[in-house]
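A.B. asks: Sending over a structure as structure tokens; questions will come in a sec.
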Amino acid sequence: MEWLNEARGQGLLWQEARLVSEALESVFGDVLLQVGVWGELGQFTVYSRTRTSAVLGLQRDAGELRVDAVTEPTSLAVASDSVDAVLLPHTLETASDPYQVLREIDRVLRPDGRLIVLGFNSPGWWAARQRLSDGGFLPGVQQIVGDHRLSDWLKLLGFAVGEARYYHPAASVDRVIVSDSDPAMDTQVRKSWWYRRLSGAAPERRGFLRNLRGWRNWRLTAACYIVEARKEVATMTPLKPSRFIRPRLVGGLVNPTTRNIARVHHLRPTKPET
């Protein structure tokens with residue numbers, strides 16, 4: 001997607017790389033699989049802590065990118081229960097059947113495997129511009145899969161879903177009130193009117209703004225979200241065999257025993273002698 005090379009796309013990729021690096025800090029195992037190309041090749045897998053990582057795409061050469069394997073996201077050429085973690089960077093928005101993609105992820109993930117999903121926020125301003133521009137604002141995006149819809153699908157498949165975190169345009173605010181940032185990425189921010197206002201704000205004012213950086217506060221204004229989920233394993237409770245065997249039911253009645261038959265003959269009235 002060429003728009004990712006523009007200023008808006010570079011700012012988005014910059015923050016998404018930071019969020020993915022935080023999410024992958026607690027992901028360990030053998031294999032991390034990224035389904036779908038988003039940004040530069042290896043932009044997210046470089047933060048992987050697994051032994052190996054791979055990027056699957058729809059075509060071998062995506063511009064200057066070379067993916068590790070070519071496969072359809074709705075029918076992955078991956079063995080079942082063989083992957084420890086899966087990353088979907090806006091893959092559901094570009095897939096023809098997003099729910100089938102999640103079913104394939106459920107198939108290839110090992111028990112207790114991790115899933116990280118980047119998506120566009122349904123009530124966000126980027127999604128609104130996408131609808132108003134008839135799909136021209138975000139080329140290549142076929143549909144918007146909101147976090148609530150995604151959560152319902154994952155729970156239906158048996159995943160434990162964490163709370164969604166929203167980002168962008170909060171990225172610009174985040175780069176101003178946090179000291180650690182890339183100066184090259186803050187060129188446009190330093191020209192904005194609110195940078196001049198916040199840079200001269202009192203320390204207590206900056207602390208108040210840090211509290212406003214909570215993910216829920218950006219629900220209606222954020223362009224994107226990140227969701228982490230874990231594949232749960234259903235535990236089976238073994239049934240203990242019964243110690244005593246109950247009498248079998250035949251037609252709803254208990255089979256007569258020898259004692260019952262003798263008792264019936266004893267209580268049966270006898271015919272008087274003549």
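Letters A, B, ... mark the chains of the structure tokens in the order given; residue numbers begin at 1 per chain; ligand numbers begin at 1, in order shown.
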Using only C-alpha atoms, which residues of region 130-159 of chain A come within 8 Å of region 220-229 of chain A, and what is the closest atom pair for each, with the distance in Å to one decimal? Give it as JSON lines, sorted by chain and residue number.

C.D. replies:
```
{"residue": "A:Asp147", "atom": "CA", "partner": "A:Tyr225", "partner_atom": "CA", "distance": 7.3}
{"residue": "A:Leu154", "atom": "CA", "partner": "A:Ala229", "partner_atom": "CA", "distance": 7.9}
{"residue": "A:Phe159", "atom": "CA", "partner": "A:Ala229", "partner_atom": "CA", "distance": 6.2}
```

A.B. asks: When you look at region 42-51 of chain A with a cut-off of 8 Å (counting only C-alpha atoms), what residues show up, excluding the ones that are within fewer than 3 positions of it in the same chain? I need them as a ChimeraX atom specification.

C.D. replies: /A:17,20-21,24-25,27-32,34,39,54-55

A.B. asks: Using N, CA and C atoms, can you write the selected residues to a file as a PDB file, in the first residue's frame?

C.D. replies:
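Listing of selection.pdb after writing:
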```
ATOM      1  N   ALA A  17       4.546  -0.017  15.609  1.00  0.00           N
ATOM      2  CA  ALA A  17       5.752  -0.782  15.931  1.00  0.00           C
ATOM      3  C   ALA A  17       6.048  -0.724  17.417  1.00  0.00           C
ATOM      4  N   VAL A  20       3.390  -3.000  19.203  1.00  0.00           N
ATOM      5  CA  VAL A  20       3.645  -4.421  18.979  1.00  0.00           C
ATOM      6  C   VAL A  20       4.861  -4.876  19.769  1.00  0.00           C
ATOM      7  N   SER A  21       5.876  -4.029  19.861  1.00  0.00           N
ATOM      8  CA  SER A  21       7.055  -4.400  20.644  1.00  0.00           C
ATOM      9  C   SER A  21       6.694  -4.602  22.109  1.00  0.00           C
ATOM     10  N   LEU A  24       4.805  -7.982  22.398  1.00  0.00           N
ATOM     11  CA  LEU A  24       5.631  -9.166  22.191  1.00  0.00           C
ATOM     12  C   LEU A  24       6.644  -9.406  23.307  1.00  0.00           C
ATOM     13  N   GLU A  25       6.702  -8.506  24.281  1.00  0.00           N
ATOM     14  CA  GLU A  25       7.647  -8.701  25.378  1.00  0.00           C
ATOM     15  C   GLU A  25       7.321  -9.941  26.206  1.00  0.00           C
ATOM     16  N   VAL A  27       5.654 -12.663  24.942  1.00  0.00           N
ATOM     17  CA  VAL A  27       5.356 -13.766  24.031  1.00  0.00           C
ATOM     18  C   VAL A  27       6.638 -14.549  23.791  1.00  0.00           C
ATOM     19  N   PHE A  28       6.629 -15.830  24.180  1.00  0.00           N
ATOM     20  CA  PHE A  28       7.784 -16.692  24.007  1.00  0.00           C
ATOM     21  C   PHE A  28       7.335 -17.979  23.306  1.00  0.00           C
ATOM     22  N   GLY A  29       8.290 -18.773  22.906  1.00  0.00           N
ATOM     23  CA  GLY A  29       7.985 -20.032  22.249  1.00  0.00           C
ATOM     24  C   GLY A  29       8.898 -20.274  21.062  1.00  0.00           C
ATOM     25  N   ASP A  30       8.397 -21.060  20.133  1.00  0.00           N
ATOM     26  CA  ASP A  30       9.200 -21.452  18.975  1.00  0.00           C
ATOM     27  C   ASP A  30       8.906 -20.614  17.737  1.00  0.00           C
ATOM     28  N   VAL A  31       7.625 -20.365  17.425  1.00  0.00           N
ATOM     29  CA  VAL A  31       7.270 -19.756  16.137  1.00  0.00           C
ATOM     30  C   VAL A  31       6.323 -18.586  16.358  1.00  0.00           C
ATOM     31  N   LEU A  32       6.650 -17.456  15.738  1.00  0.00           N
ATOM     32  CA  LEU A  32       5.748 -16.309  15.615  1.00  0.00           C
ATOM     33  C   LEU A  32       5.408 -16.149  14.150  1.00  0.00           C
ATOM     34  N   GLN A  34       3.399 -13.859  11.283  1.00  0.00           N
ATOM     35  CA  GLN A  34       2.702 -12.648  10.881  1.00  0.00           C
ATOM     36  C   GLN A  34       1.976 -12.924   9.579  1.00  0.00           C
ATOM     37  N   GLY A  39       3.508  -2.397   6.064  1.00  0.00           N
ATOM     38  CA  GLY A  39       4.740  -1.646   6.242  1.00  0.00           C
ATOM     39  C   GLY A  39       5.929  -2.398   5.668  1.00  0.00           C
ATOM     40  N   ALA A  54       8.115 -15.686  10.915  1.00  0.00           N
ATOM     41  CA  ALA A  54       7.894 -15.708   9.470  1.00  0.00           C
ATOM     42  C   ALA A  54       6.752 -14.768   9.125  1.00  0.00           C
ATOM     43  N   VAL A  55       6.814 -14.241   7.888  1.00  0.00           N
ATOM     44  CA  VAL A  55       5.780 -13.350   7.366  1.00  0.00           C
ATOM     45  C   VAL A  55       5.138 -14.017   6.167  1.00  0.00           C
TER      46      VAL A  55
END
```

A.B. asks: For Arg103 (chain A), find every residue with an atom within 10 Å (counting only C-alpha atoms), except residues of its own chain fewer than 4 positions away, and show them as number ranges by chain.

C.D. replies: A: 74-75, 98-99, 107-108, 153-154, 157

A.B. asks: Just the selected residues (C-alpha atoms), exported as a PDB file, in the first residue's frame, please.

C.D. replies:
```
ATOM      1  CA  THR A  74      -8.408 -17.940   4.655  1.00  0.00           C
ATOM      2  CA  SER A  75      -6.567 -21.221   4.001  1.00  0.00           C
ATOM      3  CA  PRO A  98     -12.302 -12.090   8.080  1.00  0.00           C
ATOM      4  CA  TYR A  99     -14.078 -14.688  10.218  1.00  0.00           C
ATOM      5  CA  ARG A 107      -6.496 -24.020  13.866  1.00  0.00           C
ATOM      6  CA  VAL A 108      -2.777 -23.266  13.610  1.00  0.00           C
ATOM      7  CA  TRP A 153     -15.853 -13.618  17.025  1.00  0.00           C
ATOM      8  CA  LEU A 154     -12.881 -14.549  19.208  1.00  0.00           C
ATOM      9  CA  LEU A 157     -13.965 -19.489  18.898  1.00  0.00           C
TER      10      LEU A 157
END
```

A.B. asks: Just checking: using only C-alpha atoms, which residue out of A:Asp106, A:Lys155, A:Leu76, A:Glu93 ends up closest to Gln130 (chain A)?

C.D. replies: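 Counting only C-alpha atoms, the residue closest to Gln130 (chain A) is A:Glu93.
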
A.B. asks: DSSP on the backbone, strand (DSSP E) only: what residues of region 86-176 of chain A does that give? Format it as a ChimeraX atom specification.

C.D. replies: /A:86-89,109-120,159-161,165-167

A.B. asks: Convert the current residue selection to file output with N, CA and C atoms, as a PDB file, in the first residue's frame.

C.D. replies:
```
ATOM      1  N   VAL A  86       0.520 -15.398  16.799  1.00  0.00           N
ATOM      2  CA  VAL A  86       0.133 -14.908  15.474  1.00  0.00           C
ATOM      3  C   VAL A  86      -0.118 -13.408  15.574  1.00  0.00           C
ATOM      4  N   LEU A  87       0.391 -12.671  14.603  1.00  0.00           N
ATOM      5  CA  LEU A  87       0.179 -11.230  14.502  1.00  0.00           C
ATOM      6  C   LEU A  87      -0.609 -10.934  13.244  1.00  0.00           C
ATOM      7  N   LEU A  88      -1.705 -10.197  13.406  1.00  0.00           N
ATOM      8  CA  LEU A  88      -2.551  -9.793  12.274  1.00  0.00           C
ATOM      9  C   LEU A  88      -2.536  -8.271  12.181  1.00  0.00           C
ATOM     10  N   PRO A  89      -1.629  -7.685  11.401  1.00  0.00           N
ATOM     11  CA  PRO A  89      -1.577  -6.226  11.247  1.00  0.00           C
ATOM     12  C   PRO A  89      -2.550  -5.754  10.165  1.00  0.00           C
ATOM     13  N   LEU A 109      -2.883 -22.226  15.825  1.00  0.00           N
ATOM     14  CA  LEU A 109      -2.342 -21.868  17.128  1.00  0.00           C
ATOM     15  C   LEU A 109      -2.303 -23.071  18.058  1.00  0.00           C
ATOM     16  N   ARG A 110      -1.256 -23.142  18.829  1.00  0.00           N
ATOM     17  CA  ARG A 110      -1.154 -24.167  19.858  1.00  0.00           C
ATOM     18  C   ARG A 110      -2.028 -23.794  21.056  1.00  0.00           C
ATOM     19  N   PRO A 111      -2.359 -24.764  21.887  1.00  0.00           N
ATOM     20  CA  PRO A 111      -3.102 -24.430  23.112  1.00  0.00           C
ATOM     21  C   PRO A 111      -2.355 -23.388  23.935  1.00  0.00           C
ATOM     22  N   ASP A 112      -3.065 -22.411  24.421  1.00  0.00           N
ATOM     23  CA  ASP A 112      -2.514 -21.288  25.178  1.00  0.00           C
ATOM     24  C   ASP A 112      -1.696 -20.350  24.294  1.00  0.00           C
ATOM     25  N   GLY A 113      -1.890 -20.415  22.960  1.00  0.00           N
ATOM     26  CA  GLY A 113      -1.189 -19.524  22.046  1.00  0.00           C
ATOM     27  C   GLY A 113      -1.734 -18.108  22.113  1.00  0.00           C
ATOM     28  N   ARG A 114      -0.935 -17.150  21.650  1.00  0.00           N
ATOM     29  CA  ARG A 114      -1.281 -15.730  21.723  1.00  0.00           C
ATOM     30  C   ARG A 114      -1.621 -15.185  20.340  1.00  0.00           C
ATOM     31  N   LEU A 115      -2.565 -14.255  20.320  1.00  0.00           N
ATOM     32  CA  LEU A 115      -2.991 -13.592  19.094  1.00  0.00           C
ATOM     33  C   LEU A 115      -2.985 -12.095  19.326  1.00  0.00           C
ATOM     34  N   ILE A 116      -2.355 -11.345  18.409  1.00  0.00           N
ATOM     35  CA  ILE A 116      -2.296  -9.885  18.471  1.00  0.00           C
ATOM     36  C   ILE A 116      -2.901  -9.343  17.184  1.00  0.00           C
ATOM     37  N   VAL A 117      -3.890  -8.481  17.322  1.00  0.00           N
ATOM     38  CA  VAL A 117      -4.630  -7.960  16.167  1.00  0.00           C
ATOM     39  C   VAL A 117      -4.553  -6.441  16.173  1.00  0.00           C
ATOM     40  N   LEU A 118      -4.163  -5.875  15.036  1.00  0.00           N
ATOM     41  CA  LEU A 118      -4.219  -4.433  14.803  1.00  0.00           C
ATOM     42  C   LEU A 118      -5.375  -4.168  13.845  1.00  0.00           C
ATOM     43  N   GLY A 119      -6.228  -3.234  14.213  1.00  0.00           N
ATOM     44  CA  GLY A 119      -7.378  -2.945  13.365  1.00  0.00           C
ATOM     45  C   GLY A 119      -7.754  -1.476  13.409  1.00  0.00           C
ATOM     46  N   PHE A 120      -8.636  -1.094  12.493  1.00  0.00           N
ATOM     47  CA  PHE A 120      -9.133   0.276  12.445  1.00  0.00           C
ATOM     48  C   PHE A 120     -10.366   0.398  13.324  1.00  0.00           C
ATOM     49  N   PHE A 159     -11.571 -17.969  22.592  1.00  0.00           N
ATOM     50  CA  PHE A 159     -10.413 -17.190  23.001  1.00  0.00           C
ATOM     51  C   PHE A 159     -10.746 -16.359  24.238  1.00  0.00           C
ATOM     52  N   ALA A 160      -9.747 -16.141  25.061  1.00  0.00           N
ATOM     53  CA  ALA A 160      -9.846 -15.180  26.156  1.00  0.00           C
ATOM     54  C   ALA A 160      -9.336 -13.845  25.636  1.00  0.00           C
ATOM     55  N   VAL A 161     -10.211 -12.850  25.557  1.00  0.00           N
ATOM     56  CA  VAL A 161      -9.905 -11.586  24.897  1.00  0.00           C
ATOM     57  C   VAL A 161      -9.613 -10.516  25.940  1.00  0.00           C
ATOM     58  N   ARG A 165      -7.038  -1.522  23.264  1.00  0.00           N
ATOM     59  CA  ARG A 165      -6.327  -0.270  23.499  1.00  0.00           C
ATOM     60  C   ARG A 165      -6.377   0.550  22.211  1.00  0.00           C
ATOM     61  N   TYR A 166      -6.707   1.812  22.337  1.00  0.00           N
ATOM     62  CA  TYR A 166      -6.926   2.678  21.185  1.00  0.00           C
ATOM     63  C   TYR A 166      -5.745   3.639  21.022  1.00  0.00           C
ATOM     64  N   TYR A 167      -5.425   3.931  19.778  1.00  0.00           N
ATOM     65  CA  TYR A 167      -4.297   4.807  19.499  1.00  0.00           C
ATOM     66  C   TYR A 167      -4.517   5.544  18.189  1.00  0.00           C
TER      67      TYR A 167
END
```

A.B. asks: Measuring between only C-alpha atoms, which one of A:Leu12, A:Val67, A:Arg230, A:Glu22 shows the shortest distance to Leu41 (chain A)?

C.D. replies: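 Smallest distance to Leu41 (chain A) is found for A:Val67.
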
A.B. asks: If you measure from CA of Ser26 (chain A) to CA of Leu156 (chain A), what distance in Å do you get, rounded to one decimal?

C.D. replies: 24.7 Å

A.B. asks: Among region 83-120 of chain A, which ones does DSSP place in helix (DSSP H, G or I), written as a PyMOL selection string?

C.D. replies: chain A and resi 91-94+98-108

A.B. asks: For C-alpha atoms, I'd like the residues from the last selection saved as a JSON list (two decimals), in the first residue's frame.

C.D. replies:
```
[["chain", "number", "residue", "atom", "x", "y", "z"],
["A", 91, "THR", "CA", -5.18, -8.35, 7.92],
["A", 92, "LEU", "CA", -8.88, -8.70, 8.69],
["A", 93, "GLU", "CA", -9.66, -5.42, 6.90],
["A", 94, "THR", "CA", -7.98, -6.58, 3.71],
["A", 98, "PRO", "CA", -12.30, -12.09, 8.08],
["A", 99, "TYR", "CA", -14.08, -14.69, 10.22],
["A", 100, "GLN", "CA", -12.57, -17.52, 8.18],
["A", 101, "VAL", "CA", -9.16, -15.97, 8.80],
["A", 102, "LEU", "CA", -9.77, -16.17, 12.55],
["A", 103, "ARG", "CA", -10.84, -19.79, 12.20],
["A", 104, "GLU", "CA", -7.57, -20.57, 10.47],
["A", 105, "ILE", "CA", -5.67, -18.80, 13.22],
["A", 106, "ASP", "CA", -7.52, -20.90, 15.77],
["A", 107, "ARG", "CA", -6.50, -24.02, 13.87],
["A", 108, "VAL", "CA", -2.78, -23.27, 13.61]]
```
